[in-house]
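S.K.: Take this structure first; my questions come after.
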There are 2 protein chains.
Amino acid sequence: MIDNGFYYDFLFSNPVSESDLKDIEKEVRSLVSKKIEFKKEALTLADAKKIFADQPFKLELAEEYAREGKELSVYRSGDFVDLCSGPHVENTSEINAEGFKLTKLAGAYWRGDEKNAQLTRIYGLAFESKKELDEYLKMQEEAEKRDHRKLGKEMGLFVFSDLVGKGLPIFAPKGATVKRELERFTIDEEIKRGYQHVITPDLAKVDLYKKSGHYPYYKDTMYPIMKIDEEELILKPMTCPHHFMFYKSEPHSYRDLPYRIGEIAHQYRYEKSGELSGLTRVRMFCLADAHIIAAKDQAKQVIKEVLELIDFINGNLGLVKGVDYRYRLSLGDRSDTKKYYKDDNAWNYAENVLREVLTEVKAPFFEAANEAAFYGPKIDIQMKKISGNEETAFTVQYDFVMPERFDLMFTNKEGKEEKPIVIHRSSIGCLERTIAFLIEHFAGAFPLWLSPVQVAVLPISEKQNKYASEILAELKDAGIRAELVDKNETIGKKIREAETQKTPYIAVVGGKEEENKTVALRKRKQGDLGEVKTKDLIDRLSREIKEKALD
Amino acid sequence: MIDNGFYYDFLFSNPVSESDLKDIEKEVRSLVSKKIEFKKEALTLADAKKIFADQPFKLELAEEYAREGKELSVYRSGDFVDLCSGPHVENTSEINAEGFKLTKLAGAYWRGDEKNAQLTRIYGLAFESKKELDEYLKMQEEAEKRDHRKLGKEMGLFVFSDLVGKGLPIFAPKGATVKRELERFTIDEEIKRGYQHVITPDLAKVDLYKKSGHYPYYKDTMYPIMKIDEEELILKPMTCPHHFMFYKSEPHSYRDLPYRIGEIAHQYRYEKSGELSGLTRVRMFCLADAHIIAAKDQAKQVIKEVLELIDFINGNLGLVKGVDYRYRLSLGDRSDTKKYYKDDNAWNYAENVLREVLTEVKAPFFEAANEAAFYGPKIDIQMKKISGNEETAFTVQYDFVMPERFDLMFTNKEGKEEKPIVIHRSSIGCLERTIAFLIEHFAGAFPLWLSPVQVAVLPISEKQNKYASEILAELKDAGIRAELVDKNETIGKKIREAETQKTPYIAVVGGKEEENKTVALRKRKQGDLGEVKTKDLIDRLSREIKEKALD
């Protein structure tokens, strides 16, 4: 059993190919229609040895289970018998033969060990109805079409180079534009909301991460220590200790709090090559990170303002709360003192604050036990992918441990030293992952303000090249990302190409438009908008870019 | 002899202190006035041993010179005799006693080796006239006052943390603002001028730098290799090979050329701790880097456009060509095949191109033999520091070697494969160094558009706090960096503090201003500008920021 289906491993005497799957499906359907019962039978090892005399893998399992004192059982259905602890449906009539489909073949080593025999694994899907199966298949097909690795290449957003290294994307000019726009938007919005944006170095002495306690926990994904002269340096795996050192560079009073330290920080984690995937799993990334240092009684207000910021940013990306994303409240387990810092009162207080805020702002959320960070509970921002899966994009964490470790302080109203709490949070997540998500979410059709090319200017014939380049210059002067396509191709082909590139606006110019000082404007999804004066085109685009208008 | 003066090492039986320097100066002046002659005498080792019988250091040198077959000589002036090969002035009357000054004492080991005896080094200045000496002393005093390490701290621009590490500055919010403004300005201007801005990773496989040939040359300043799993990764010491890999990710035709690949790239070089200094010498930095791939016959035009860009950027920073900066044409030595790639024709062509462009655009420049890069000649941008010293801020390099190494290609008009040349260039240099330079150049008084705080709003009394915060909100809404100073202090003190922070504009608001919906405006250097309507204040600042107006 796996999500939405199953697999089963076979040792075939004659090789089976994908083209055989249809025939196997037919056979399965015919069996299903026969209403065969599934019957469980307990058995001794001796029985098992008899039944599976010529099935060495089953024998191996049966002997192992017996050695470990596990109960042995088989299920019989018709003339098929298999070692299985169940449970099963009573009868094949409970299975909808139309909700089932075999999808692919793969090689699989016995017990996952490459020293063992290679078996053939057949994967299948199983839903309660044909409708559900079809919907799922359609979603998979769409997800494949939108795969950011595929679109990223087609749209010229990023490339990889073997010589540079795995998991280290090079953002091509168009992808760099998207990244820069997201970065500037986030920084400017955060500064507007009172964040202090700093820039901290990409590496530090390993002592810094020993003090924070990250080193022993995260050592496996950190890059190796660089020993040089008397120094032991290491690439920054997370930004918190850097921000704490900045906070500590000056004394602070209650008047400074909440003190919001923000940064788009380069961070480095070594992911195994098998885990790398496009922009989703990389070996260095840029995180919109922040640490808000606050008095304990400000926690609620701070979390509230962070959720507001996240909603604002998601809104500008066209993501709808409750549809495209929701929240998960990740809690700690008081009894697991190995995984979680021991301080029951602090856990109770913090979890309550997070729950209260989520409830008060009517956020769509659910709770998850045992998913907290070691230093406190957190709110996870759960994004819904095109494939239907949900993934944690980033988090808002309540931390009562680091202020202790780093001896963070502020002078309270009574003039006494007091320990603050820290809220770790992102607002737009890791830019690489966010871009991967947005490519798939929009199938490459970024909102106008994020589009690498906002308008393509297409002259119908060479005669309009001069006029088209004048329009191009005007658009660029107005800060609009415009591109002139003056290749010697038919206008139809040029339009199709701009559409493939998901360009939001296409301005076609022919003889008539040149005479009238206009363009024939086309908008993505809407089609022909008719003739528009150049000035009106610029005003329209400038306004929509500024307002971050969505399609 | 050192720049502007000299030093001499002594082994004193009684310790000498800085307070003795005045007396020594007096003695020197009295000797100078006696018109003592300097006379050279050749001598044998036997003579030398007699003369320096009780001077072990001189003896050591004399014996060494004799062993090496060097000629031995002394100079006599009055009753002083010293081992010296000269030359010297004929007579002390040639020395202007008023142009001379002893400046400081320092400990110095004999022959620079800490295992040897420690001597006392006395430093002095020597100019031809008192006027020159005084001017130099004044410049030094000013340079000390403007030291970016001192101002950077006073103005809250950056901090260092022992736990983060040496040479790794943390940009505080105000310093981060300056860095961000410079970065955005540079990127936007370059894109306007046809650059393709990319983002390449901060690390790569060491193979990449082996292929480029950088690894053996620059190994000593590169960080150590990070071995992990099957990979050997290293922090990026320079961006060129990354940009070349990007260029090679697609085929290119002559129509794409010149192809300008730009980036504000993080770069990492390990500087010895003794060489680190504020933001000038750091262990990681952000370089406005670009590589322009062009046909050989486009080289001249490309260099010309690069110099135009540099002049444009410097102009916006208030730097005057020929006064604040000039150019140095750094040439290669055809006979030094160890230091320079061997290809006489290519060197001749490239050096001529650079010289012709500098001459044609009437750039103030001078030539320097033997200062080229190993892959070609270059133009250095020489900045004049407040101390009077000139330093190379960044360079424009002509490269005919890398296209060969990386097999860069384009299809020419005849449809044939052709090898391009590469121009490596910066436009604003390394941001850390540029910021250090600008802090000292402006004594912290950044031009309005770069100022971390552009206007300070100061209420005269608490009664105007509300009105002042309304003005603050309006300024911020207009994208102006404004700060409200509502501390309970006298208005005089608040104005002085804003002036210390070099804030370009100060808007004072009292009862009268509140009633009239105005502010009493003060401008840095100009003083009181009188009462100004809030709307006019916003218009004025917005316009001056947009135009990058200088003081």
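Each chain in the structure tokens gets a letter, A, B, ..., in the order shown, and its residues are numbered from 1; ligands are numbered from 1 in order too.
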Please extract the residues of range 98-299 of chain B with a backbone DSSP assignment of strand (DSSP E or B) and present them as JSON, numbers by chain.
M.R.: {"B": [100, 101, 102, 103, 104, 105, 106, 107, 108, 109, 118, 119, 120, 121, 122, 123, 124, 125, 126, 158, 159, 170, 171, 196, 197, 199, 203, 204, 205, 226, 227, 228, 231, 232, 233, 234, 235, 253, 259, 260, 261, 262, 263, 264, 265, 266, 267, 268, 277, 281, 284, 285, 286, 287, 288, 289, 290, 291, 292, 293, 294]}
S.K.: For chain B, which residues have at least one atom within 8 Å of chain A, if we go by only C-alpha atoms? Write them as a PyMOL selection string, please.
M.R.: chain B and resi 159+161+163-165+168-173+175-177+192+196-205+207-208+223-228+242+245-246+249+284+476
S.K.: Identify, with DSSP run on backbone atoms, the residues in range 324-509 of chain B assigned to helix (DSSP H, G or I), and express the list as a VMD selection string.
M.R.: chain B and resid 344 to 360 402 to 405 431 to 441 448 to 450 462 to 477 491 to 500
S.K.: Which distance in Å separates CA of Ala436 in chain A and CA of Leu151 in chain A, to one decimal?
M.R.: 9.7 Å
S.K.: Env of Ala373 in chain A: 9 Å cut, atoms = only C-alpha atoms, seq-sep filter 4 positions within chain, self excluded. Answer as a list of chain:residue names.
M.R.: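 Once the adjacent positions are removed, what remains is A:Ser330, A:Leu331, A:Gly332, A:Lys339, A:Tyr340, A:Pro377, A:Lys378, A:Gln397, A:Tyr398, A:Asp399.
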S.K.: Could you list, as a ChimeraX atom specification, every residue within 12 Å of Ala299 in chain A, counting only C-alpha atoms and ignoring same-chain residues fewer than 4 positions away?
M.R.: /A:257-259,292-295,303-306,349-354,356-357,396-400,420-424
S.K.: Go ahead and dump the residues you just picked, N, CA and C atoms, as an mmCIF file, in the first residue's frame.
M.R.:
data_model
loop_
_atom_site.group_PDB
_atom_site.id
_atom_site.type_symbol
_atom_site.label_atom_id
_atom_site.label_comp_id
_atom_site.auth_asym_id
_atom_site.auth_seq_id
_atom_site.Cartn_x
_atom_site.Cartn_y
_atom_site.Cartn_z
ATOM 1 N N LEU A 257 11.565 47.164 21.534
ATOM 2 C CA LEU A 257 10.893 45.885 21.264
ATOM 3 C C LEU A 257 9.480 46.084 20.746
ATOM 4 N N PRO A 258 8.896 45.228 19.925
ATOM 5 C CA PRO A 258 9.576 44.101 19.269
ATOM 6 C C PRO A 258 10.630 44.587 18.271
ATOM 7 N N TYR A 259 11.808 43.967 18.330
ATOM 8 C CA TYR A 259 12.927 44.325 17.466
ATOM 9 C C TYR A 259 12.991 43.287 16.351
ATOM 10 N N ILE A 292 12.362 37.986 15.413
ATOM 11 C CA ILE A 292 11.726 39.098 16.111
ATOM 12 C C ILE A 292 11.935 38.881 17.601
ATOM 13 N N ILE A 293 12.633 39.826 18.200
ATOM 14 C CA ILE A 293 12.944 39.719 19.616
ATOM 15 C C ILE A 293 11.910 40.559 20.345
ATOM 16 N N ALA A 294 11.178 39.919 21.251
ATOM 17 C CA ALA A 294 10.029 40.589 21.854
ATOM 18 C C ALA A 294 9.885 40.200 23.322
ATOM 19 N N ALA A 295 9.208 41.053 24.078
ATOM 20 C CA ALA A 295 8.845 40.683 25.442
ATOM 21 C C ALA A 295 7.793 39.585 25.340
ATOM 22 N N ILE A 303 3.011 37.490 16.525
ATOM 23 C CA ILE A 303 2.574 36.384 15.658
ATOM 24 C C ILE A 303 1.464 36.872 14.727
ATOM 25 N N LYS A 304 0.572 37.672 15.282
ATOM 26 C CA LYS A 304 -0.539 38.187 14.490
ATOM 27 C C LYS A 304 -0.013 39.007 13.313
ATOM 28 N N GLU A 305 0.941 39.885 13.583
ATOM 29 C CA GLU A 305 1.460 40.742 12.511
ATOM 30 C C GLU A 305 2.235 39.917 11.474
ATOM 31 N N VAL A 306 2.865 38.827 11.923
ATOM 32 C CA VAL A 306 3.589 37.964 10.983
ATOM 33 C C VAL A 306 2.594 37.271 10.054
ATOM 34 N N TYR A 349 2.535 27.775 27.531
ATOM 35 C CA TYR A 349 2.289 29.177 27.221
ATOM 36 C C TYR A 349 2.387 29.414 25.710
ATOM 37 N N ALA A 350 3.481 28.924 25.132
ATOM 38 C CA ALA A 350 3.750 29.192 23.712
ATOM 39 C C ALA A 350 2.692 28.538 22.820
ATOM 40 N N GLU A 351 2.360 27.285 23.107
ATOM 41 C CA GLU A 351 1.359 26.606 22.276
ATOM 42 C C GLU A 351 0.014 27.324 22.353
ATOM 43 N N ASN A 352 -0.316 27.799 23.554
ATOM 44 C CA ASN A 352 -1.573 28.530 23.713
ATOM 45 C C ASN A 352 -1.596 29.814 22.909
ATOM 46 N N VAL A 353 -0.463 30.528 22.947
ATOM 47 C CA VAL A 353 -0.383 31.790 22.197
ATOM 48 C C VAL A 353 -0.627 31.515 20.714
ATOM 49 N N LEU A 354 0.051 30.524 20.169
ATOM 50 C CA LEU A 354 -0.088 30.236 18.738
ATOM 51 C C LEU A 354 -1.524 29.825 18.411
ATOM 52 N N GLU A 356 -4.265 30.518 20.079
ATOM 53 C CA GLU A 356 -5.173 31.661 20.240
ATOM 54 C C GLU A 356 -5.116 32.590 19.025
ATOM 55 N N VAL A 357 -3.912 32.861 18.566
ATOM 56 C CA VAL A 357 -3.798 33.775 17.426
ATOM 57 C C VAL A 357 -4.482 33.165 16.210
ATOM 58 N N VAL A 396 6.728 29.646 11.205
ATOM 59 C CA VAL A 396 6.793 30.728 12.191
ATOM 60 C C VAL A 396 7.000 30.027 13.527
ATOM 61 N N GLN A 397 8.139 30.243 14.156
ATOM 62 C CA GLN A 397 8.481 29.453 15.335
ATOM 63 C C GLN A 397 8.575 30.307 16.595
ATOM 64 N N TYR A 398 8.095 29.752 17.662
ATOM 65 C CA TYR A 398 8.175 30.424 18.974
ATOM 66 C C TYR A 398 9.356 29.798 19.703
ATOM 67 N N ASP A 399 10.298 30.631 20.137
ATOM 68 C CA ASP A 399 11.545 30.098 20.700
ATOM 69 C C ASP A 399 11.820 30.685 22.077
ATOM 70 N N PHE A 400 11.826 29.814 23.094
ATOM 71 C CA PHE A 400 12.170 30.290 24.445
ATOM 72 C C PHE A 400 13.534 29.759 24.889
ATOM 73 N N PRO A 420 13.968 38.272 26.688
ATOM 74 C CA PRO A 420 12.885 38.297 25.698
ATOM 75 C C PRO A 420 12.616 36.884 25.162
ATOM 76 N N ILE A 421 11.610 36.744 24.327
ATOM 77 C CA ILE A 421 11.433 35.522 23.541
ATOM 78 C C ILE A 421 11.796 35.872 22.086
ATOM 79 N N VAL A 422 11.969 34.847 21.266
ATOM 80 C CA VAL A 422 12.298 35.097 19.865
ATOM 81 C C VAL A 422 11.264 34.408 18.964
ATOM 82 N N ILE A 423 10.770 35.129 17.976
ATOM 83 C CA ILE A 423 9.953 34.499 16.929
ATOM 84 C C ILE A 423 10.842 34.377 15.687
ATOM 85 N N HIS A 424 11.105 33.128 15.267
ATOM 86 C CA HIS A 424 11.805 32.884 14.002
ATOM 87 C C HIS A 424 10.724 32.823 12.941
#
S.K.: Excluding same-chain residues fewer than 5 positions from Tyr467 in chain A, what lies within 9 Å of it counting only C-alpha atoms, as number ranges by chain?
M.R.: A: 459, 472, 509, 514, 517
S.K.: Fewer than 3 positions away in the same chain doesn't count, so skip those; otherwise give me all residues within 12 Å of Ala46 in chain B, counting only C-alpha atoms, as a list in words.
M.R.: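 Counting only the stated atoms, we get Ala42, Leu43, Lys49, Lys50, Ile51, Phe52, Ala53, Leu59, Ala62, Glu63, Ala66 and Leu72 of chain B.
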S.K.: Would you pick out the contacts of Glu391 in chain A at 9 Å or less, using only C-alpha atoms, so that residues sharing its chain but fewer than 6 positions from it are not included, and give the list as a list in words?
M.R.: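 Close residues of Glu391 in chain A: Ile381, Gln382, Met383, Lys384 and Lys385 of chain A.
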S.K.: Write out the residues from the selection above, keeping N, CA, C and O atoms, as a PDB file, in the first residue's frame.
M.R.:
ATOM      1  N   ILE A 381       3.456  26.895   7.304  1.00  0.00           N
ATOM      2  CA  ILE A 381       2.637  27.376   6.196  1.00  0.00           C
ATOM      3  C   ILE A 381       2.608  26.248   5.156  1.00  0.00           C
ATOM      4  O   ILE A 381       3.634  25.897   4.569  1.00  0.00           O
ATOM      5  N   GLN A 382       1.429  25.652   4.981  1.00  0.00           N
ATOM      6  CA  GLN A 382       1.248  24.462   4.147  1.00  0.00           C
ATOM      7  C   GLN A 382       0.713  24.871   2.770  1.00  0.00           C
ATOM      8  O   GLN A 382      -0.401  25.367   2.668  1.00  0.00           O
ATOM      9  N   MET A 383       1.541  24.643   1.742  1.00  0.00           N
ATOM     10  CA  MET A 383       1.137  25.017   0.392  1.00  0.00           C
ATOM     11  C   MET A 383       0.581  23.798  -0.325  1.00  0.00           C
ATOM     12  O   MET A 383       1.128  22.692  -0.201  1.00  0.00           O
ATOM     13  N   LYS A 384      -0.465  24.021  -1.097  1.00  0.00           N
ATOM     14  CA  LYS A 384      -1.059  22.923  -1.851  1.00  0.00           C
ATOM     15  C   LYS A 384      -0.441  22.898  -3.240  1.00  0.00           C
ATOM     16  O   LYS A 384      -0.507  23.878  -3.982  1.00  0.00           O
ATOM     17  N   LYS A 385       0.178  21.775  -3.569  1.00  0.00           N
ATOM     18  CA  LYS A 385       0.812  21.663  -4.873  1.00  0.00           C
ATOM     19  C   LYS A 385      -0.199  21.204  -5.921  1.00  0.00           C
ATOM     20  O   LYS A 385      -1.251  20.686  -5.595  1.00  0.00           O
TER      21      LYS A 385
END
